[in-house]
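What follows is a short report on a single structure.
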Amino acid sequence: MSPERTLEAISYVDETQFRQEMEGIKRCWNLLGPVSLLDKPGSTYATSFLGTPIFVRRGNDGITRCFRNCCPHRGGPLAWPGPSVCRVLRCKYHSWTFRDDGGLLSITGFQDQLETDSLSLGELPLSESGGLLYVANAGPPEPPVTPLKVQSRLGGRVAHLVGSRSYSAHCNWKIYVENWLESYHIQSLHGTLSAGIDLASYEVVSDRGWIYHSAQSRVLNKGRYAGFWAFNLPSSAINFFESGFSIEVVHPTTARETEIEYSFYSYDDDMSAAEAFMRSTDVVTVEDIRACEHVYQNVLCGSFSQGYLSKKREPSVTELYRFMSLFSAQ
């Protein structure tokens, strides 16, 4: 049985291909967070999406919307990063105010005549499915679907944002995602993680744009991974622990630089489990980045041109390639 091949090295450095991939990802739904982020009118959450500052907000009219975090006056912020409550949608820079639907409401201290009807916040596609919010930067053709495997673990419970992490990786985004999708490296690279799970039970399953990793936990200590990870192609994931989960988003910055962002959510007020999970995430992510950066250094210097994929241990990597092939077809 001959092995499948990875992409050729040029696919990880070519700027034209990178720009095409970014346009493709913009048309895809990416995980943003649980619906409970916006639990009351005025609830706001600001973050970034593929380098674009954005915020989501539940308006006083009860409707949840997503906007570019950019005032049309001079590009100022409507919300600072993270969660907040703003009953009045006001620019933090020069105090222009906007309606719930993003339309301009009022300007203070501005004498020049403006065509105010055209001055509104740029709205982005936002959708809710199975208790999760999804965002895109263009209009996806179909609404997102949160699989039952994920919904059952969310259990309809209210989750609270308790922390965040951001990591920089000097590698192409596909190398990092390829690493995420396969389990072949777990035993070799992640000693702490592999010690807490039964590797013989580890399973990777692909289904309609989602890649599920699951394994039996050897012991459920505070902060242990709960043995279930789900990646939503092309660039976001949800990772569970016993009293919460994290939303992970892979942000391609350039063809050679990637940002990995986590938001951590807990179902209870006991922060010890969430804090331990964040520490575990630190360890595993740094290990992944170290390996991916080494691979990319070999790509850049010409030592590595094209690799091999085990059909038994790394089949989910080819799912990424199939998904990406849709970008060029659009």
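Each chain in the structure tokens gets a letter, A, B, ..., in the order shown, and its residues are numbered from 1; ligands are numbered from 1 in order too.
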Find the residues around Lys312 in chain A up to 10 Å (only C-alpha atoms counted), leave out those fewer than 4 positions away in its own chain, and share them as a PyMOL selection string. chain A and resi 3+184+204+316
Counting only C-alpha atoms, what is within 9 Å of range 238-240 of chain A, bar same-chain residues fewer than 3 positions away, as an MDAnalysis selection string? chainID A and resid 31 150 153:154 225:232 243:249
Requested write-out: all heavy atoms of the selected residues, as a compact mmCIF listing (two decimals), in the first residue's frame:
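Final file, result-v6.txt:
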# COMPACT_ATOMS: atom_id res chain seq x y z
N LEU A 31 -15.47 29.10 14.13
CA LEU A 31 -15.98 29.16 15.49
C LEU A 31 -15.57 30.47 16.16
O LEU A 31 -14.41 30.89 16.07
CB LEU A 31 -15.43 27.99 16.32
CG LEU A 31 -16.04 26.61 16.03
CD1 LEU A 31 -15.19 25.52 16.67
CD2 LEU A 31 -17.46 26.55 16.54
N VAL A 150 -20.58 17.33 19.22
CA VAL A 150 -20.15 18.52 19.93
C VAL A 150 -21.27 19.05 20.82
O VAL A 150 -21.06 19.40 21.98
CB VAL A 150 -19.69 19.61 18.94
CG1 VAL A 150 -19.36 20.91 19.65
CG2 VAL A 150 -18.47 19.11 18.16
N ARG A 153 -21.71 17.35 24.16
CA ARG A 153 -20.71 17.68 25.18
C ARG A 153 -20.91 19.09 25.73
O ARG A 153 -20.57 19.35 26.88
CB ARG A 153 -19.30 17.50 24.59
CG ARG A 153 -18.95 16.03 24.45
CD ARG A 153 -17.71 15.79 23.61
NE ARG A 153 -17.33 14.39 23.64
CZ ARG A 153 -17.88 13.45 22.89
NH1 ARG A 153 -18.84 13.77 22.03
NH2 ARG A 153 -17.51 12.19 22.99
N LEU A 154 -21.46 19.97 24.92
CA LEU A 154 -21.81 21.29 25.44
C LEU A 154 -22.99 21.18 26.41
O LEU A 154 -23.04 21.90 27.40
CB LEU A 154 -22.18 22.23 24.28
CG LEU A 154 -21.03 22.62 23.35
CD1 LEU A 154 -21.59 23.34 22.12
CD2 LEU A 154 -20.03 23.50 24.06
N TYR A 225 -7.32 17.00 29.85
CA TYR A 225 -8.15 16.95 28.64
C TYR A 225 -9.19 15.85 28.82
O TYR A 225 -8.91 14.79 29.39
CB TYR A 225 -7.28 16.64 27.42
CG TYR A 225 -6.45 17.80 26.94
CD1 TYR A 225 -5.17 18.02 27.43
CD2 TYR A 225 -6.96 18.68 25.98
CE1 TYR A 225 -4.40 19.09 26.97
CE2 TYR A 225 -6.20 19.74 25.52
CZ TYR A 225 -4.92 19.94 26.02
OH TYR A 225 -4.18 20.99 25.57
N ALA A 226 -10.39 16.11 28.34
CA ALA A 226 -11.48 15.15 28.52
C ALA A 226 -11.51 14.09 27.43
O ALA A 226 -12.45 13.32 27.33
CB ALA A 226 -12.82 15.88 28.57
N GLY A 227 -10.50 14.07 26.59
CA GLY A 227 -10.41 13.02 25.58
C GLY A 227 -11.28 13.26 24.37
O GLY A 227 -11.64 12.31 23.66
N PHE A 228 -11.62 14.52 24.08
CA PHE A 228 -12.39 14.82 22.87
C PHE A 228 -11.99 16.19 22.35
O PHE A 228 -12.05 17.20 23.05
CB PHE A 228 -13.89 14.80 23.13
CG PHE A 228 -14.71 14.91 21.86
CD1 PHE A 228 -14.94 13.79 21.06
CD2 PHE A 228 -15.23 16.13 21.46
CE1 PHE A 228 -15.69 13.90 19.89
CE2 PHE A 228 -15.97 16.25 20.30
CZ PHE A 228 -16.20 15.12 19.51
N TRP A 229 -11.55 16.21 21.08
CA TRP A 229 -11.13 17.42 20.39
C TRP A 229 -11.81 17.42 19.03
O TRP A 229 -11.86 16.40 18.36
CB TRP A 229 -9.63 17.44 20.18
CG TRP A 229 -8.76 17.20 21.38
CD1 TRP A 229 -8.10 18.14 22.12
CD2 TRP A 229 -8.42 15.93 21.98
NE1 TRP A 229 -7.36 17.54 23.12
CE2 TRP A 229 -7.55 16.19 23.07
CE3 TRP A 229 -8.76 14.61 21.70
CZ2 TRP A 229 -7.02 15.19 23.86
CZ3 TRP A 229 -8.25 13.60 22.50
CH2 TRP A 229 -7.40 13.89 23.57
N ALA A 230 -12.32 18.55 18.59
CA ALA A 230 -13.02 18.61 17.30
C ALA A 230 -12.53 19.80 16.50
O ALA A 230 -12.60 20.94 16.97
CB ALA A 230 -14.52 18.69 17.50
N PHE A 231 -12.04 19.54 15.30
CA PHE A 231 -11.54 20.60 14.42
C PHE A 231 -12.57 20.86 13.33
O PHE A 231 -13.01 19.94 12.66
CB PHE A 231 -10.20 20.21 13.79
CG PHE A 231 -9.43 21.38 13.24
CD1 PHE A 231 -8.49 22.01 14.02
CD2 PHE A 231 -9.67 21.86 11.96
CE1 PHE A 231 -7.77 23.11 13.53
CE2 PHE A 231 -8.98 22.95 11.46
CZ PHE A 231 -8.02 23.58 12.26
N ASN A 232 -12.92 22.13 13.16
CA ASN A 232 -13.86 22.55 12.14
C ASN A 232 -13.06 23.15 10.99
O ASN A 232 -12.56 24.28 11.09
CB ASN A 232 -14.84 23.59 12.73
CG ASN A 232 -15.84 24.08 11.72
OD1 ASN A 232 -16.24 23.35 10.82
ND2 ASN A 232 -16.25 25.32 11.86
N SER A 243 -14.71 20.34 32.96
CA SER A 243 -15.68 21.34 33.38
C SER A 243 -15.69 22.56 32.45
O SER A 243 -16.02 23.67 32.87
CB SER A 243 -15.38 21.80 34.82
OG SER A 243 -14.07 22.30 34.93
N GLY A 244 -15.33 22.33 31.19
CA GLY A 244 -15.37 23.43 30.24
C GLY A 244 -14.73 23.08 28.92
O GLY A 244 -14.57 21.89 28.58
N PHE A 245 -14.34 24.08 28.18
CA PHE A 245 -13.77 23.86 26.85
C PHE A 245 -13.00 25.09 26.42
O PHE A 245 -13.08 26.17 27.04
CB PHE A 245 -14.86 23.54 25.83
CG PHE A 245 -15.93 24.61 25.71
CD1 PHE A 245 -15.80 25.65 24.79
CD2 PHE A 245 -17.06 24.58 26.52
CE1 PHE A 245 -16.77 26.63 24.68
CE2 PHE A 245 -18.03 25.57 26.42
CZ PHE A 245 -17.89 26.59 25.50
N SER A 246 -12.26 24.95 25.34
CA SER A 246 -11.60 26.10 24.72
C SER A 246 -12.01 26.17 23.26
O SER A 246 -12.23 25.14 22.62
CB SER A 246 -10.07 26.02 24.84
OG SER A 246 -9.56 24.96 24.05
N ILE A 247 -12.12 27.39 22.75
CA ILE A 247 -12.26 27.63 21.32
C ILE A 247 -10.88 28.03 20.81
O ILE A 247 -10.25 28.95 21.34
CB ILE A 247 -13.27 28.75 21.02
CG1 ILE A 247 -14.67 28.39 21.54
CG2 ILE A 247 -13.30 29.06 19.52
CD1 ILE A 247 -15.33 27.25 20.81
N GLU A 248 -10.41 27.34 19.80
CA GLU A 248 -9.08 27.57 19.24
C GLU A 248 -9.24 28.03 17.79
O GLU A 248 -9.94 27.39 17.02
CB GLU A 248 -8.26 26.29 19.30
CG GLU A 248 -6.89 26.37 18.69
CD GLU A 248 -6.16 25.02 18.72
OE1 GLU A 248 -6.73 24.04 19.23
OE2 GLU A 248 -5.02 24.97 18.22
N VAL A 249 -8.59 29.12 17.44
CA VAL A 249 -8.65 29.63 16.08
C VAL A 249 -7.23 29.81 15.55
O VAL A 249 -6.39 30.43 16.21
CB VAL A 249 -9.41 30.97 15.99
CG1 VAL A 249 -9.48 31.44 14.54
CG2 VAL A 249 -10.81 30.83 16.57
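Nearest to Tyr296 in chain A of all the residues A:Val284, A:Ile63, A:Val135, A:Ala255 is A:Ala255, based on only C-alpha atoms.
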Do a neighbour search on range 280-282 of chain A at 12 Å with only C-alpha atoms, toss out local chain neighbours closer than 3 positions, and write the hits as an MDAnalysis selection string. chainID A and resid 163:167 190:194 196 221:226 239:241 245:248 260:264 273:277 285:289
Only N, CA and C atoms, please: the residues just picked out, written as a compact mmCIF listing (two decimals), in the first residue's frame.
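Final output, out-v1.txt:
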# COMPACT_ATOMS: atom_id res chain seq x y z
N GLY A 163 -10.58 33.07 30.39
CA GLY A 163 -9.19 33.33 30.05
C GLY A 163 -8.94 33.24 28.57
N SER A 164 -7.77 33.68 28.16
CA SER A 164 -7.39 33.62 26.74
C SER A 164 -5.89 33.44 26.64
N ARG A 165 -5.45 32.95 25.50
CA ARG A 165 -4.04 32.76 25.20
C ARG A 165 -3.81 33.07 23.72
N SER A 166 -2.62 33.57 23.40
CA SER A 166 -2.24 33.81 22.01
C SER A 166 -0.80 33.39 21.81
N TYR A 167 -0.55 32.67 20.73
CA TYR A 167 0.78 32.15 20.44
C TYR A 167 1.15 32.51 19.00
N HIS A 190 4.16 14.66 22.80
CA HIS A 190 3.41 15.15 23.95
C HIS A 190 3.43 14.15 25.10
N GLY A 191 4.49 14.16 25.87
CA GLY A 191 4.60 13.20 26.97
C GLY A 191 3.54 13.38 28.03
N THR A 192 3.25 14.63 28.41
CA THR A 192 2.25 14.88 29.45
C THR A 192 0.86 14.49 28.99
N LEU A 193 0.52 14.86 27.76
CA LEU A 193 -0.80 14.51 27.23
C LEU A 193 -0.95 13.01 27.09
N SER A 194 0.03 12.34 26.51
CA SER A 194 -0.10 10.90 26.27
C SER A 194 -0.12 10.12 27.58
N GLY A 196 -1.83 10.95 30.15
CA GLY A 196 -3.16 11.06 30.73
C GLY A 196 -4.25 10.37 29.94
N ASN A 221 -8.22 14.08 36.44
CA ASN A 221 -7.73 15.07 37.38
C ASN A 221 -8.10 16.47 36.91
N LYS A 222 -7.96 17.43 37.80
CA LYS A 222 -8.26 18.80 37.44
C LYS A 222 -7.42 19.24 36.25
N GLY A 223 -8.09 19.78 35.24
CA GLY A 223 -7.37 20.32 34.10
C GLY A 223 -6.99 19.31 33.04
N ARG A 224 -7.33 18.04 33.25
CA ARG A 224 -7.02 17.05 32.23
C ARG A 224 -7.89 17.27 31.00
N TYR A 225 -7.32 17.00 29.85
CA TYR A 225 -8.15 16.95 28.64
C TYR A 225 -9.19 15.85 28.82
N ALA A 226 -10.39 16.11 28.34
CA ALA A 226 -11.48 15.15 28.52
C ALA A 226 -11.51 14.09 27.43
N ASN A 239 -11.96 22.26 22.11
CA ASN A 239 -11.26 21.26 22.90
C ASN A 239 -11.88 21.20 24.30
N PHE A 240 -12.26 20.02 24.74
CA PHE A 240 -13.00 19.89 26.00
C PHE A 240 -12.11 19.43 27.16
N PHE A 241 -12.41 19.95 28.35
CA PHE A 241 -11.91 19.36 29.59
C PHE A 241 -13.12 19.10 30.46
N PHE A 245 -14.34 24.08 28.18
CA PHE A 245 -13.77 23.86 26.85
C PHE A 245 -13.00 25.09 26.42
N SER A 246 -12.26 24.95 25.34
CA SER A 246 -11.60 26.10 24.72
C SER A 246 -12.01 26.17 23.26
N ILE A 247 -12.12 27.39 22.75
CA ILE A 247 -12.26 27.63 21.32
C ILE A 247 -10.88 28.03 20.81
N GLU A 248 -10.41 27.34 19.80
CA GLU A 248 -9.08 27.57 19.24
C GLU A 248 -9.24 28.03 17.79
N ILE A 260 -2.05 31.55 16.83
CA ILE A 260 -3.02 30.60 17.38
C ILE A 260 -3.64 31.24 18.60
N GLU A 261 -4.96 31.39 18.60
CA GLU A 261 -5.65 32.05 19.70
C GLU A 261 -6.63 31.09 20.37
N TYR A 262 -6.62 31.09 21.69
CA TYR A 262 -7.54 30.29 22.48
C TYR A 262 -8.40 31.20 23.35
N SER A 263 -9.67 30.84 23.49
CA SER A 263 -10.55 31.43 24.49
C SER A 263 -11.05 30.27 25.36
N PHE A 264 -10.95 30.43 26.67
CA PHE A 264 -11.27 29.34 27.59
C PHE A 264 -12.58 29.65 28.32
N ALA A 273 -9.77 24.06 37.85
CA ALA A 273 -9.74 23.17 36.69
C ALA A 273 -9.41 23.94 35.42
N ALA A 274 -10.04 25.11 35.25
CA ALA A 274 -9.77 25.91 34.05
C ALA A 274 -8.32 26.37 34.01
N GLU A 275 -7.79 26.80 35.14
CA GLU A 275 -6.40 27.25 35.18
C GLU A 275 -5.44 26.11 34.87
N ALA A 276 -5.75 24.92 35.39
CA ALA A 276 -4.90 23.77 35.09
C ALA A 276 -4.97 23.41 33.61
N PHE A 277 -6.17 23.54 33.03
CA PHE A 277 -6.33 23.26 31.60
C PHE A 277 -5.55 24.26 30.75
N THR A 285 0.69 23.26 23.24
CA THR A 285 0.80 24.17 22.10
C THR A 285 2.25 24.55 21.83
N VAL A 286 3.01 24.81 22.88
CA VAL A 286 4.42 25.13 22.69
C VAL A 286 5.16 23.95 22.06
N GLU A 287 4.83 22.74 22.46
CA GLU A 287 5.45 21.56 21.86
C GLU A 287 5.10 21.46 20.38
N ASP A 288 3.82 21.70 20.05
CA ASP A 288 3.40 21.66 18.65
C ASP A 288 4.12 22.73 17.82
N ILE A 289 4.16 23.95 18.34
CA ILE A 289 4.79 25.05 17.60
C ILE A 289 6.27 24.76 17.36
